>>> print(open('upload_39.txt').read())   # compact mmCIF, N, CA and C atoms
# COMPACT_ATOMS: atom_id res chain seq x y z
N MET A 1495 106.65 49.10 75.60
CA MET A 1495 106.90 49.33 77.00
C MET A 1495 107.81 48.23 77.53
N THR A 1496 108.76 48.59 78.36
CA THR A 1496 109.72 47.64 78.90
C THR A 1496 109.30 47.21 80.29
N SER A 1497 109.39 45.90 80.51
CA SER A 1497 109.05 45.39 81.84
C SER A 1497 110.23 45.57 82.78
N ILE A 1498 109.99 45.41 84.03
CA ILE A 1498 111.04 45.55 85.04
C ILE A 1498 112.14 44.52 84.78
N ASP A 1499 111.75 43.33 84.35
CA ASP A 1499 112.72 42.26 84.11
C ASP A 1499 113.68 42.63 82.97
N ASN A 1500 113.21 43.33 81.98
CA ASN A 1500 114.04 43.69 80.83
C ASN A 1500 114.76 45.03 81.00
N LEU A 1501 114.51 45.73 82.07
CA LEU A 1501 115.08 47.06 82.28
C LEU A 1501 116.61 47.02 82.27
N ALA A 1502 117.20 46.08 82.98
CA ALA A 1502 118.67 45.99 83.04
C ALA A 1502 119.25 45.73 81.66
N ALA A 1503 118.61 44.85 80.89
CA ALA A 1503 119.09 44.55 79.55
C ALA A 1503 118.99 45.77 78.65
N GLU A 1504 117.92 46.53 78.75
CA GLU A 1504 117.74 47.74 77.95
C GLU A 1504 118.77 48.80 78.32
N ILE A 1505 119.05 48.93 79.60
CA ILE A 1505 120.05 49.91 80.06
C ILE A 1505 121.43 49.51 79.55
N MET A 1506 121.77 48.21 79.65
CA MET A 1506 123.06 47.75 79.16
C MET A 1506 123.20 47.94 77.66
N GLN A 1507 122.13 47.72 76.92
CA GLN A 1507 122.17 47.92 75.48
C GLN A 1507 122.40 49.40 75.15
N GLY A 1508 121.73 50.29 75.87
CA GLY A 1508 121.92 51.72 75.67
C GLY A 1508 123.33 52.16 75.99
N LEU A 1509 123.88 51.62 77.09
CA LEU A 1509 125.25 51.96 77.46
C LEU A 1509 126.25 51.43 76.43
N GLN A 1510 126.01 50.24 75.88
CA GLN A 1510 126.90 49.69 74.87
C GLN A 1510 126.87 50.52 73.59
N GLU A 1511 125.68 50.98 73.19
CA GLU A 1511 125.57 51.84 72.02
C GLU A 1511 126.32 53.14 72.23
N TYR A 1512 126.20 53.71 73.44
CA TYR A 1512 126.92 54.95 73.76
C TYR A 1512 128.43 54.72 73.72
N ALA A 1513 128.89 53.60 74.29
CA ALA A 1513 130.32 53.29 74.30
C ALA A 1513 130.85 53.13 72.87
N ASP A 1514 130.07 52.47 72.01
CA ASP A 1514 130.49 52.31 70.62
C ASP A 1514 130.60 53.65 69.91
N LEU A 1515 129.63 54.53 70.15
CA LEU A 1515 129.68 55.86 69.54
C LEU A 1515 130.87 56.67 70.05
N ALA A 1516 131.14 56.57 71.35
CA ALA A 1516 132.27 57.29 71.94
C ALA A 1516 133.59 56.77 71.37
N ASP A 1517 133.71 55.44 71.23
CA ASP A 1517 134.94 54.87 70.67
C ASP A 1517 135.15 55.32 69.23
N THR A 1518 134.09 55.34 68.45
CA THR A 1518 134.18 55.77 67.06
C THR A 1518 134.61 57.23 66.97
N ALA A 1519 134.02 58.08 67.81
CA ALA A 1519 134.38 59.50 67.82
C ALA A 1519 135.83 59.70 68.26
N MET A 1520 136.27 58.93 69.26
CA MET A 1520 137.64 59.04 69.74
C MET A 1520 138.63 58.63 68.64
N LYS A 1521 138.35 57.54 67.96
CA LYS A 1521 139.26 57.08 66.90
C LYS A 1521 139.31 58.07 65.74
N LYS A 1522 138.18 58.68 65.43
CA LYS A 1522 138.16 59.69 64.38
C LYS A 1522 139.01 60.90 64.77
N ALA A 1523 138.91 61.30 66.04
CA ALA A 1523 139.70 62.43 66.53
C ALA A 1523 141.19 62.11 66.51
N VAL A 1524 141.57 60.87 66.84
CA VAL A 1524 142.98 60.48 66.82
C VAL A 1524 143.51 60.52 65.38
N ARG A 1525 142.74 60.01 64.42
CA ARG A 1525 143.17 60.04 63.02
C ARG A 1525 143.35 61.48 62.53
N LYS A 1526 142.39 62.33 62.89
CA LYS A 1526 142.44 63.73 62.45
C LYS A 1526 143.66 64.44 63.06
N THR A 1527 143.91 64.20 64.34
CA THR A 1527 145.05 64.83 65.01
C THR A 1527 146.36 64.36 64.40
N ALA A 1528 146.49 63.07 64.13
CA ALA A 1528 147.71 62.54 63.53
C ALA A 1528 147.96 63.17 62.16
N THR A 1529 146.91 63.31 61.38
CA THR A 1529 147.05 63.93 60.06
C THR A 1529 147.46 65.39 60.18
N GLN A 1530 146.88 66.11 61.14
CA GLN A 1530 147.23 67.51 61.33
C GLN A 1530 148.69 67.66 61.77
N VAL A 1531 149.15 66.78 62.66
CA VAL A 1531 150.55 66.84 63.11
C VAL A 1531 151.48 66.56 61.93
N LYS A 1532 151.17 65.54 61.12
CA LYS A 1532 151.98 65.21 59.94
C LYS A 1532 152.04 66.40 58.99
N ASN A 1533 150.90 67.01 58.73
CA ASN A 1533 150.85 68.15 57.81
C ASN A 1533 151.63 69.34 58.35
N GLU A 1534 151.56 69.57 59.67
CA GLU A 1534 152.29 70.69 60.26
C GLU A 1534 153.80 70.46 60.19
N ILE A 1535 154.22 69.22 60.46
CA ILE A 1535 155.66 68.92 60.36
C ILE A 1535 156.12 69.13 58.92
N SER A 1536 155.37 68.63 57.96
CA SER A 1536 155.74 68.79 56.54
C SER A 1536 155.80 70.26 56.14
N ALA A 1537 154.85 71.04 56.62
CA ALA A 1537 154.79 72.46 56.24
C ALA A 1537 155.96 73.25 56.83
N ASN A 1538 156.41 72.89 58.04
CA ASN A 1538 157.45 73.65 58.72
C ASN A 1538 158.84 73.05 58.58
N ALA A 1539 158.95 71.91 57.90
CA ALA A 1539 160.24 71.24 57.74
C ALA A 1539 161.16 72.07 56.84
N PRO A 1540 162.48 71.99 57.09
CA PRO A 1540 163.42 72.66 56.19
C PRO A 1540 163.29 72.08 54.79
N LYS A 1541 163.34 72.94 53.79
CA LYS A 1541 163.15 72.48 52.42
C LYS A 1541 164.40 72.79 51.60
N ASP A 1542 165.07 71.74 51.21
CA ASP A 1542 166.18 71.85 50.26
C ASP A 1542 165.65 71.34 48.92
N THR A 1543 165.40 70.05 48.87
CA THR A 1543 164.78 69.49 47.67
C THR A 1543 163.29 69.22 47.89
N GLY A 1544 162.85 69.23 49.14
CA GLY A 1544 161.46 68.95 49.47
C GLY A 1544 161.18 67.49 49.77
N LYS A 1545 162.17 66.62 49.57
CA LYS A 1545 161.96 65.19 49.81
C LYS A 1545 161.76 64.89 51.29
N TYR A 1546 162.49 65.60 52.15
CA TYR A 1546 162.35 65.39 53.60
C TYR A 1546 160.94 65.75 54.05
N ALA A 1547 160.44 66.88 53.61
CA ALA A 1547 159.10 67.32 54.02
C ALA A 1547 158.03 66.35 53.51
N LYS A 1548 158.24 65.80 52.32
CA LYS A 1548 157.26 64.87 51.75
C LYS A 1548 157.35 63.47 52.36
N SER A 1549 158.41 63.19 53.11
CA SER A 1549 158.62 61.85 53.64
C SER A 1549 157.78 61.54 54.88
N TRP A 1550 157.11 62.52 55.44
CA TRP A 1550 156.35 62.31 56.67
C TRP A 1550 155.04 61.60 56.38
N ALA A 1551 154.73 60.62 57.24
CA ALA A 1551 153.52 59.81 57.05
C ALA A 1551 152.97 59.39 58.41
N THR A 1552 151.75 58.88 58.39
CA THR A 1552 151.14 58.32 59.60
C THR A 1552 151.02 56.82 59.43
N LYS A 1553 151.10 56.11 60.55
CA LYS A 1553 151.01 54.66 60.53
C LYS A 1553 150.26 54.19 61.77
N LYS A 1554 149.26 53.35 61.56
CA LYS A 1554 148.52 52.79 62.70
C LYS A 1554 149.41 51.74 63.35
N THR A 1555 149.76 51.95 64.63
CA THR A 1555 150.65 51.02 65.32
C THR A 1555 149.94 50.17 66.35
N GLY A 1556 148.71 50.48 66.65
CA GLY A 1556 147.96 49.66 67.60
C GLY A 1556 146.49 50.05 67.61
N GLU A 1557 145.64 49.05 67.68
CA GLU A 1557 144.20 49.33 67.75
C GLU A 1557 143.50 48.15 68.40
N ASN A 1558 142.59 48.46 69.30
CA ASN A 1558 141.65 47.47 69.79
C ASN A 1558 140.28 48.13 69.83
N SER A 1559 139.33 47.51 70.47
CA SER A 1559 137.98 48.05 70.41
C SER A 1559 137.83 49.39 71.13
N HIS A 1560 138.75 49.72 72.04
CA HIS A 1560 138.61 50.95 72.82
C HIS A 1560 139.76 51.93 72.66
N SER A 1561 140.74 51.63 71.82
CA SER A 1561 141.86 52.56 71.67
C SER A 1561 142.44 52.47 70.26
N LEU A 1562 143.16 53.52 69.91
CA LEU A 1562 143.83 53.59 68.62
C LEU A 1562 145.15 54.33 68.82
N GLU A 1563 146.22 53.78 68.28
CA GLU A 1563 147.53 54.41 68.37
C GLU A 1563 148.07 54.61 66.97
N ILE A 1564 148.40 55.86 66.65
CA ILE A 1564 148.94 56.20 65.34
C ILE A 1564 150.28 56.90 65.55
N THR A 1565 151.27 56.50 64.78
CA THR A 1565 152.60 57.09 64.86
C THR A 1565 152.84 57.96 63.63
N VAL A 1566 153.37 59.15 63.86
CA VAL A 1566 153.77 60.04 62.77
C VAL A 1566 155.28 59.86 62.63
N HIS A 1567 155.75 59.54 61.42
CA HIS A 1567 157.17 59.25 61.22
C HIS A 1567 157.60 59.66 59.82
N SER A 1568 158.92 59.75 59.67
CA SER A 1568 159.50 60.00 58.36
C SER A 1568 159.81 58.64 57.74
N LYS A 1569 159.25 58.36 56.58
CA LYS A 1569 159.37 57.04 55.96
C LYS A 1569 160.80 56.69 55.57
N ASN A 1570 161.49 57.60 54.92
CA ASN A 1570 162.81 57.25 54.38
C ASN A 1570 163.88 58.30 54.67
N ARG A 1571 163.55 59.32 55.45
CA ARG A 1571 164.52 60.35 55.78
C ARG A 1571 164.61 60.51 57.31
N TYR A 1572 164.33 59.44 58.04
CA TYR A 1572 164.32 59.50 59.49
C TYR A 1572 165.67 59.84 60.08
N GLN A 1573 166.76 59.56 59.37
CA GLN A 1573 168.09 59.87 59.87
C GLN A 1573 168.30 61.38 60.00
N LEU A 1574 167.60 62.14 59.18
CA LEU A 1574 167.77 63.60 59.19
C LEU A 1574 166.94 64.29 60.27
N ALA A 1575 165.91 63.64 60.76
CA ALA A 1575 164.96 64.30 61.65
C ALA A 1575 165.65 64.94 62.86
N HIS A 1576 166.46 64.18 63.59
CA HIS A 1576 167.12 64.71 64.77
C HIS A 1576 168.12 65.81 64.40
N LEU A 1577 168.87 65.60 63.33
CA LEU A 1577 169.87 66.58 62.93
C LEU A 1577 169.24 67.91 62.54
N LEU A 1578 168.14 67.86 61.81
CA LEU A 1578 167.48 69.10 61.40
C LEU A 1578 166.74 69.76 62.55
N GLU A 1579 166.21 68.95 63.45
CA GLU A 1579 165.47 69.49 64.60
C GLU A 1579 166.40 70.15 65.61
N LYS A 1580 167.52 69.49 65.92
CA LYS A 1580 168.40 69.94 67.00
C LYS A 1580 169.66 70.65 66.52
N GLY A 1581 170.00 70.52 65.26
CA GLY A 1581 171.25 71.09 64.76
C GLY A 1581 172.36 70.06 64.86
N HIS A 1582 173.51 70.36 64.25
CA HIS A 1582 174.61 69.40 64.25
C HIS A 1582 175.93 70.12 63.99
N ALA A 1583 177.02 69.40 64.27
CA ALA A 1583 178.37 69.94 64.02
C ALA A 1583 178.68 69.81 62.54
N LYS A 1584 179.39 70.80 62.02
CA LYS A 1584 179.82 70.75 60.62
C LYS A 1584 181.14 70.00 60.52
N ARG A 1585 181.42 69.49 59.36
CA ARG A 1585 182.61 68.68 59.15
C ARG A 1585 183.89 69.48 59.42
N GLY A 1586 183.97 70.70 58.96
CA GLY A 1586 185.18 71.51 59.12
C GLY A 1586 185.19 72.33 60.40
N GLY A 1587 184.26 72.12 61.29
CA GLY A 1587 184.16 72.89 62.53
C GLY A 1587 182.96 73.82 62.48
N GLY A 1588 182.52 74.19 63.62
CA GLY A 1588 181.33 75.04 63.71
C GLY A 1588 180.07 74.20 63.82
N ARG A 1589 178.96 74.88 63.87
CA ARG A 1589 177.68 74.19 64.03
C ARG A 1589 176.64 74.74 63.07
N VAL A 1590 175.69 73.88 62.75
CA VAL A 1590 174.50 74.28 62.00
C VAL A 1590 173.38 74.34 63.02
N SER A 1591 172.69 75.47 63.09
CA SER A 1591 171.61 75.58 64.07
C SER A 1591 170.41 74.74 63.61
N GLY A 1592 169.68 74.25 64.60
CA GLY A 1592 168.52 73.42 64.30
C GLY A 1592 167.31 74.26 63.93
N LYS A 1593 166.36 73.64 63.29
CA LYS A 1593 165.09 74.29 62.97
C LYS A 1593 163.98 73.44 63.57
N PRO A 1594 163.51 73.81 64.76
CA PRO A 1594 162.47 73.01 65.40
C PRO A 1594 161.20 72.97 64.54
N HIS A 1595 160.82 71.78 64.14
CA HIS A 1595 159.60 71.61 63.35
C HIS A 1595 158.80 70.41 63.83
N ILE A 1596 159.42 69.50 64.56
CA ILE A 1596 158.72 68.33 65.08
C ILE A 1596 158.10 68.63 66.45
N ALA A 1597 158.89 69.19 67.36
CA ALA A 1597 158.41 69.46 68.71
C ALA A 1597 157.20 70.41 68.73
N PRO A 1598 157.20 71.51 67.97
CA PRO A 1598 156.02 72.38 67.98
C PRO A 1598 154.76 71.66 67.46
N ALA A 1599 154.93 70.83 66.44
CA ALA A 1599 153.78 70.09 65.90
C ALA A 1599 153.26 69.08 66.93
N GLU A 1600 154.19 68.44 67.66
CA GLU A 1600 153.79 67.50 68.69
C GLU A 1600 153.02 68.22 69.81
N GLU A 1601 153.52 69.38 70.22
CA GLU A 1601 152.84 70.16 71.26
C GLU A 1601 151.43 70.55 70.83
N ASN A 1602 151.29 70.99 69.58
CA ASN A 1602 149.97 71.34 69.06
C ASN A 1602 149.05 70.13 69.00
N GLY A 1603 149.61 68.98 68.66
CA GLY A 1603 148.83 67.75 68.62
C GLY A 1603 148.34 67.33 69.99
N VAL A 1604 149.17 67.52 71.01
CA VAL A 1604 148.77 67.19 72.38
C VAL A 1604 147.63 68.08 72.83
N GLN A 1605 147.65 69.34 72.43
CA GLN A 1605 146.61 70.28 72.84
C GLN A 1605 145.29 70.05 72.13
N LEU A 1606 145.30 69.36 70.97
CA LEU A 1606 144.05 69.09 70.25
C LEU A 1606 143.24 68.08 70.93
>>> encode(input="upload_39.txt", output="structure tokens")
Amino acid sequence: MTSIDNLAAEIMQGLQEYADLADTAMKKAVRKTATQVKNEISANAPKDTGKYAKSWATKKTGENSHSLEITVHSKNRYQLAHLLEKGHAKRGGGRVSGKPHIAPAEENGVQL
């Protein structure tokens, strides 16, 4: 049984345990969402040799006790990302149409 004097300490301990559980659940959800976005980008990326699609990865860019930031990026083919997403001019004239694969994955990630 808790005395009146210890009531505030017991309440604070319960709230701290709840906050820790909420932080853990939030960080797990962020990791899962980042992985899903990476996988969706890789699955929908244009495939010539497949190296561009395989180049997508996740990287933890910031974390403290109450937040987690993960970046989805192309490790070694980042120069192609904008060109393939938006399209580009051809050397002899004309244009190559883009294949949106990053923006839809980002939108789906925001909705998760």
>>> residues_near_point(input="upload_39.txt", point="(160.3, 64.3, 52.2)", cutoff="8 Å", atoms="all atoms listed in the file", output="PyMOL selection string")
chain A and resi 1536+1543-1550+1568-1571
>>> write_last_selection(input="upload_39.txt", atoms="N, CA and C atoms", output="CSV table (one decimal), in the frame of the given file")
chain,number,residue,atom,x,y,z
A,1536,SER,N,155.4,68.6,58.0
A,1536,SER,CA,155.7,68.8,56.5
A,1536,SER,C,155.8,70.3,56.1
A,1543,THR,N,165.4,70.0,48.9
A,1543,THR,CA,164.8,69.5,47.7
A,1543,THR,C,163.3,69.2,47.9
A,1544,GLY,N,162.8,69.2,49.1
A,1544,GLY,CA,161.5,69.0,49.5
A,1544,GLY,C,161.2,67.5,49.8
A,1545,LYS,N,162.2,66.6,49.6
A,1545,LYS,CA,162.0,65.2,49.8
A,1545,LYS,C,161.8,64.9,51.3
A,1546,TYR,N,162.5,65.6,52.2
A,1546,TYR,CA,162.4,65.4,53.6
A,1546,TYR,C,160.9,65.8,54.0
A,1547,ALA,N,160.4,66.9,53.6
A,1547,ALA,CA,159.1,67.3,54.0
A,1547,ALA,C,158.0,66.4,53.5
A,1548,LYS,N,158.2,65.8,52.3
A,1548,LYS,CA,157.3,64.9,51.8
A,1548,LYS,C,157.4,63.5,52.4
A,1549,SER,N,158.4,63.2,53.1
A,1549,SER,CA,158.6,61.8,53.6
A,1549,SER,C,157.8,61.5,54.9
A,1550,TRP,N,157.1,62.5,55.4
A,1550,TRP,CA,156.4,62.3,56.7
A,1550,TRP,C,155.0,61.6,56.4
A,1568,SER,N,158.9,59.8,59.7
A,1568,SER,CA,159.5,60.0,58.4
A,1568,SER,C,159.8,58.6,57.7
A,1569,LYS,N,159.2,58.4,56.6
A,1569,LYS,CA,159.4,57.0,56.0
A,1569,LYS,C,160.8,56.7,55.6
A,1570,ASN,N,161.5,57.6,54.9
A,1570,ASN,CA,162.8,57.2,54.4
A,1570,ASN,C,163.9,58.3,54.7
A,1571,ARG,N,163.6,59.3,55.4
A,1571,ARG,CA,164.5,60.4,55.8
A,1571,ARG,C,164.6,60.5,57.3
>>> select_by_dssp(input="upload_39.txt", residues="chain A", states="alpha helix (DSSP H)", output="ChimeraX atom specification")
/A:1498-1538,1545-1548,1572-1580,1597-1605
>>> atom_distance(input="upload_39.txt", atom1="CA of Lys1521 in chain A", atom2="atom C of Ser1561 in chain A")
6.5 Å
>>> residues_around(input="upload_39.txt", residues="Thr1527 in chain A", least_positions_apart="4", cutoff="7 Å", atoms="all atoms listed in the file", output="PyMOL selection string")
chain A and resi 1522-1523+1531-1532+1603+1606
>>> atom_distance(input="upload_39.txt", atom1="atom N of Pro1594 in chain A", atom2="CA of Thr1529 in chain A")
19.8 Å
>>> residues_around(input="upload_39.txt", residues="Leu1578 in chain A", least_positions_apart="4", cutoff="6.5 Å", atoms="only N, CA and C atoms", output="number ranges by chain")
A: 1574, 1582, 1591-1595
>>> atom_distance(input="upload_39.txt", atom1="atom N of Ala1519 in chain A", atom2="atom N of Lys1553 in chain A")
18.7 Å
>>> axis_aligned_box(input="upload_39.txt", around="range 1557-1567 of chain A", padding_each_side="5 Å", output="AutoDock Vina command-line options")
--center_x 147.7 --center_y 53.8 --center_z 66.3 --size_x 29.8 --size_y 22.6 --size_z 23.0
>>> closest_residue(input="upload_39.txt", among="A:Leu1562, A:Glu1504, A:Leu1577, A:Glu1601", to="Arg1525 in chain A", atoms="only C-alpha atoms")
A:Leu1562
>>> closest_residue(input="upload_39.txt", among="A:Gln1530, A:Asn1538, A:Gln1573, A:Thr1518", to="Glu1557 in chain A", atoms="only C-alpha atoms")
A:Thr1518
>>> select_by_dssp(input="upload_39.txt", residues="chain A", states="strand (DSSP E)", output="list of chain:residue names")
A:Trp1550, A:Ala1551, A:Thr1552, A:Lys1553, A:Lys1554, A:Thr1555, A:Gly1556, A:Glu1557, A:Asn1558, A:Ser1561, A:Leu1562, A:Glu1563, A:Ile1564, A:Thr1565, A:Val1566, A:His1567, A:Ser1568, A:Gly1581, A:His1582, A:Ala1583, A:Arg1589, A:Val1590, A:Ser1591
>>> build_atoms(input="upload_39.txt", residues="range 1559-1582 of chain A", atoms="N, CA, C and O atoms", output="PDB file, in the coordinates of the input")
ATOM      1  N   SER A1559     139.330  47.510  70.470  1.00  0.00           N
ATOM      2  CA  SER A1559     137.980  48.050  70.410  1.00  0.00           C
ATOM      3  C   SER A1559     137.830  49.390  71.130  1.00  0.00           C
ATOM      4  O   SER A1559     136.904  50.140  70.846  1.00  0.00           O
ATOM      5  N   HIS A1560     138.750  49.720  72.040  1.00  0.00           N
ATOM      6  CA  HIS A1560     138.610  50.950  72.820  1.00  0.00           C
ATOM      7  C   HIS A1560     139.760  51.930  72.660  1.00  0.00           C
ATOM      8  O   HIS A1560     139.777  52.962  73.322  1.00  0.00           O
ATOM      9  N   SER A1561     140.740  51.630  71.820  1.00  0.00           N
ATOM     10  CA  SER A1561     141.860  52.560  71.670  1.00  0.00           C
ATOM     11  C   SER A1561     142.440  52.470  70.260  1.00  0.00           C
ATOM     12  O   SER A1561     142.239  51.479  69.561  1.00  0.00           O
ATOM     13  N   LEU A1562     143.160  53.520  69.910  1.00  0.00           N
ATOM     14  CA  LEU A1562     143.830  53.590  68.620  1.00  0.00           C
ATOM     15  C   LEU A1562     145.150  54.330  68.820  1.00  0.00           C
ATOM     16  O   LEU A1562     145.177  55.381  69.466  1.00  0.00           O
ATOM     17  N   GLU A1563     146.220  53.780  68.280  1.00  0.00           N
ATOM     18  CA  GLU A1563     147.530  54.410  68.370  1.00  0.00           C
ATOM     19  C   GLU A1563     148.070  54.610  66.970  1.00  0.00           C
ATOM     20  O   GLU A1563     148.154  53.670  66.179  1.00  0.00           O
ATOM     21  N   ILE A1564     148.400  55.860  66.650  1.00  0.00           N
ATOM     22  CA  ILE A1564     148.940  56.200  65.340  1.00  0.00           C
ATOM     23  C   ILE A1564     150.280  56.900  65.550  1.00  0.00           C
ATOM     24  O   ILE A1564     150.394  57.797  66.387  1.00  0.00           O
ATOM     25  N   THR A1565     151.270  56.500  64.780  1.00  0.00           N
ATOM     26  CA  THR A1565     152.600  57.090  64.860  1.00  0.00           C
ATOM     27  C   THR A1565     152.840  57.960  63.630  1.00  0.00           C
ATOM     28  O   THR A1565     152.541  57.546  62.512  1.00  0.00           O
ATOM     29  N   VAL A1566     153.370  59.150  63.860  1.00  0.00           N
ATOM     30  CA  VAL A1566     153.770  60.040  62.770  1.00  0.00           C
ATOM     31  C   VAL A1566     155.280  59.860  62.630  1.00  0.00           C
ATOM     32  O   VAL A1566     156.014  59.989  63.601  1.00  0.00           O
ATOM     33  N   HIS A1567     155.750  59.540  61.420  1.00  0.00           N
ATOM     34  CA  HIS A1567     157.170  59.250  61.220  1.00  0.00           C
ATOM     35  C   HIS A1567     157.600  59.660  59.820  1.00  0.00           C
ATOM     36  O   HIS A1567     156.788  59.845  58.927  1.00  0.00           O
ATOM     37  N   SER A1568     158.920  59.750  59.670  1.00  0.00           N
ATOM     38  CA  SER A1568     159.500  60.000  58.360  1.00  0.00           C
ATOM     39  C   SER A1568     159.810  58.640  57.740  1.00  0.00           C
ATOM     40  O   SER A1568     160.565  57.852  58.313  1.00  0.00           O
ATOM     41  N   LYS A1569     159.250  58.360  56.580  1.00  0.00           N
ATOM     42  CA  LYS A1569     159.370  57.040  55.960  1.00  0.00           C
ATOM     43  C   LYS A1569     160.800  56.690  55.570  1.00  0.00           C
ATOM     44  O   LYS A1569     161.262  55.588  55.855  1.00  0.00           O
ATOM     45  N   ASN A1570     161.490  57.600  54.920  1.00  0.00           N
ATOM     46  CA  ASN A1570     162.810  57.250  54.380  1.00  0.00           C
ATOM     47  C   ASN A1570     163.880  58.300  54.670  1.00  0.00           C
ATOM     48  O   ASN A1570     164.984  58.193  54.176  1.00  0.00           O
ATOM     49  N   ARG A1571     163.550  59.320  55.450  1.00  0.00           N
ATOM     50  CA  ARG A1571     164.520  60.350  55.780  1.00  0.00           C
ATOM     51  C   ARG A1571     164.610  60.510  57.310  1.00  0.00           C
ATOM     52  O   ARG A1571     164.929  61.581  57.813  1.00  0.00           O
ATOM     53  N   TYR A1572     164.330  59.440  58.040  1.00  0.00           N
ATOM     54  CA  TYR A1572     164.320  59.500  59.490  1.00  0.00           C
ATOM     55  C   TYR A1572     165.670  59.840  60.080  1.00  0.00           C
ATOM     56  O   TYR A1572     165.758  60.383  61.169  1.00  0.00           O
ATOM     57  N   GLN A1573     166.760  59.560  59.370  1.00  0.00           N
ATOM     58  CA  GLN A1573     168.090  59.870  59.870  1.00  0.00           C
ATOM     59  C   GLN A1573     168.300  61.380  60.000  1.00  0.00           C
ATOM     60  O   GLN A1573     169.085  61.830  60.821  1.00  0.00           O
ATOM     61  N   LEU A1574     167.600  62.140  59.180  1.00  0.00           N
ATOM     62  CA  LEU A1574     167.770  63.600  59.190  1.00  0.00           C
ATOM     63  C   LEU A1574     166.940  64.290  60.270  1.00  0.00           C
ATOM     64  O   LEU A1574     167.242  65.427  60.630  1.00  0.00           O
ATOM     65  N   ALA A1575     165.910  63.640  60.760  1.00  0.00           N
ATOM     66  CA  ALA A1575     164.960  64.300  61.650  1.00  0.00           C
ATOM     67  C   ALA A1575     165.650  64.940  62.860  1.00  0.00           C
ATOM     68  O   ALA A1575     165.450  66.119  63.141  1.00  0.00           O
ATOM     69  N   HIS A1576     166.460  64.180  63.590  1.00  0.00           N
ATOM     70  CA  HIS A1576     167.120  64.710  64.770  1.00  0.00           C
ATOM     71  C   HIS A1576     168.120  65.810  64.400  1.00  0.00           C
ATOM     72  O   HIS A1576     168.209  66.830  65.078  1.00  0.00           O
ATOM     73  N   LEU A1577     168.870  65.600  63.330  1.00  0.00           N
ATOM     74  CA  LEU A1577     169.870  66.580  62.930  1.00  0.00           C
ATOM     75  C   LEU A1577     169.240  67.910  62.540  1.00  0.00           C
ATOM     76  O   LEU A1577     169.739  68.985  62.895  1.00  0.00           O
ATOM     77  N   LEU A1578     168.140  67.860  61.810  1.00  0.00           N
ATOM     78  CA  LEU A1578     167.480  69.100  61.400  1.00  0.00           C
ATOM     79  C   LEU A1578     166.740  69.760  62.550  1.00  0.00           C
ATOM     80  O   LEU A1578     166.666  70.983  62.622  1.00  0.00           O
ATOM     81  N   GLU A1579     166.210  68.950  63.450  1.00  0.00           N
ATOM     82  CA  GLU A1579     165.470  69.490  64.600  1.00  0.00           C
ATOM     83  C   GLU A1579     166.400  70.150  65.610  1.00  0.00           C
ATOM     84  O   GLU A1579     166.125  71.241  66.104  1.00  0.00           O
ATOM     85  N   LYS A1580     167.520  69.490  65.920  1.00  0.00           N
ATOM     86  CA  LYS A1580     168.400  69.940  67.000  1.00  0.00           C
ATOM     87  C   LYS A1580     169.660  70.650  66.520  1.00  0.00           C
ATOM     88  O   LYS A1580     170.340  71.288  67.315  1.00  0.00           O
ATOM     89  N   GLY A1581     170.000  70.520  65.260  1.00  0.00           N
ATOM     90  CA  GLY A1581     171.250  71.090  64.760  1.00  0.00           C
ATOM     91  C   GLY A1581     172.360  70.060  64.860  1.00  0.00           C
ATOM     92  O   GLY A1581     172.197  68.996  65.449  1.00  0.00           O
ATOM     93  N   HIS A1582     173.510  70.360  64.250  1.00  0.00           N
ATOM     94  CA  HIS A1582     174.610  69.400  64.250  1.00  0.00           C
ATOM     95  C   HIS A1582     175.930  70.120  63.990  1.00  0.00           C
ATOM     96  O   HIS A1582     175.957  71.274  63.542  1.00  0.00           O
TER      97      HIS A1582
END
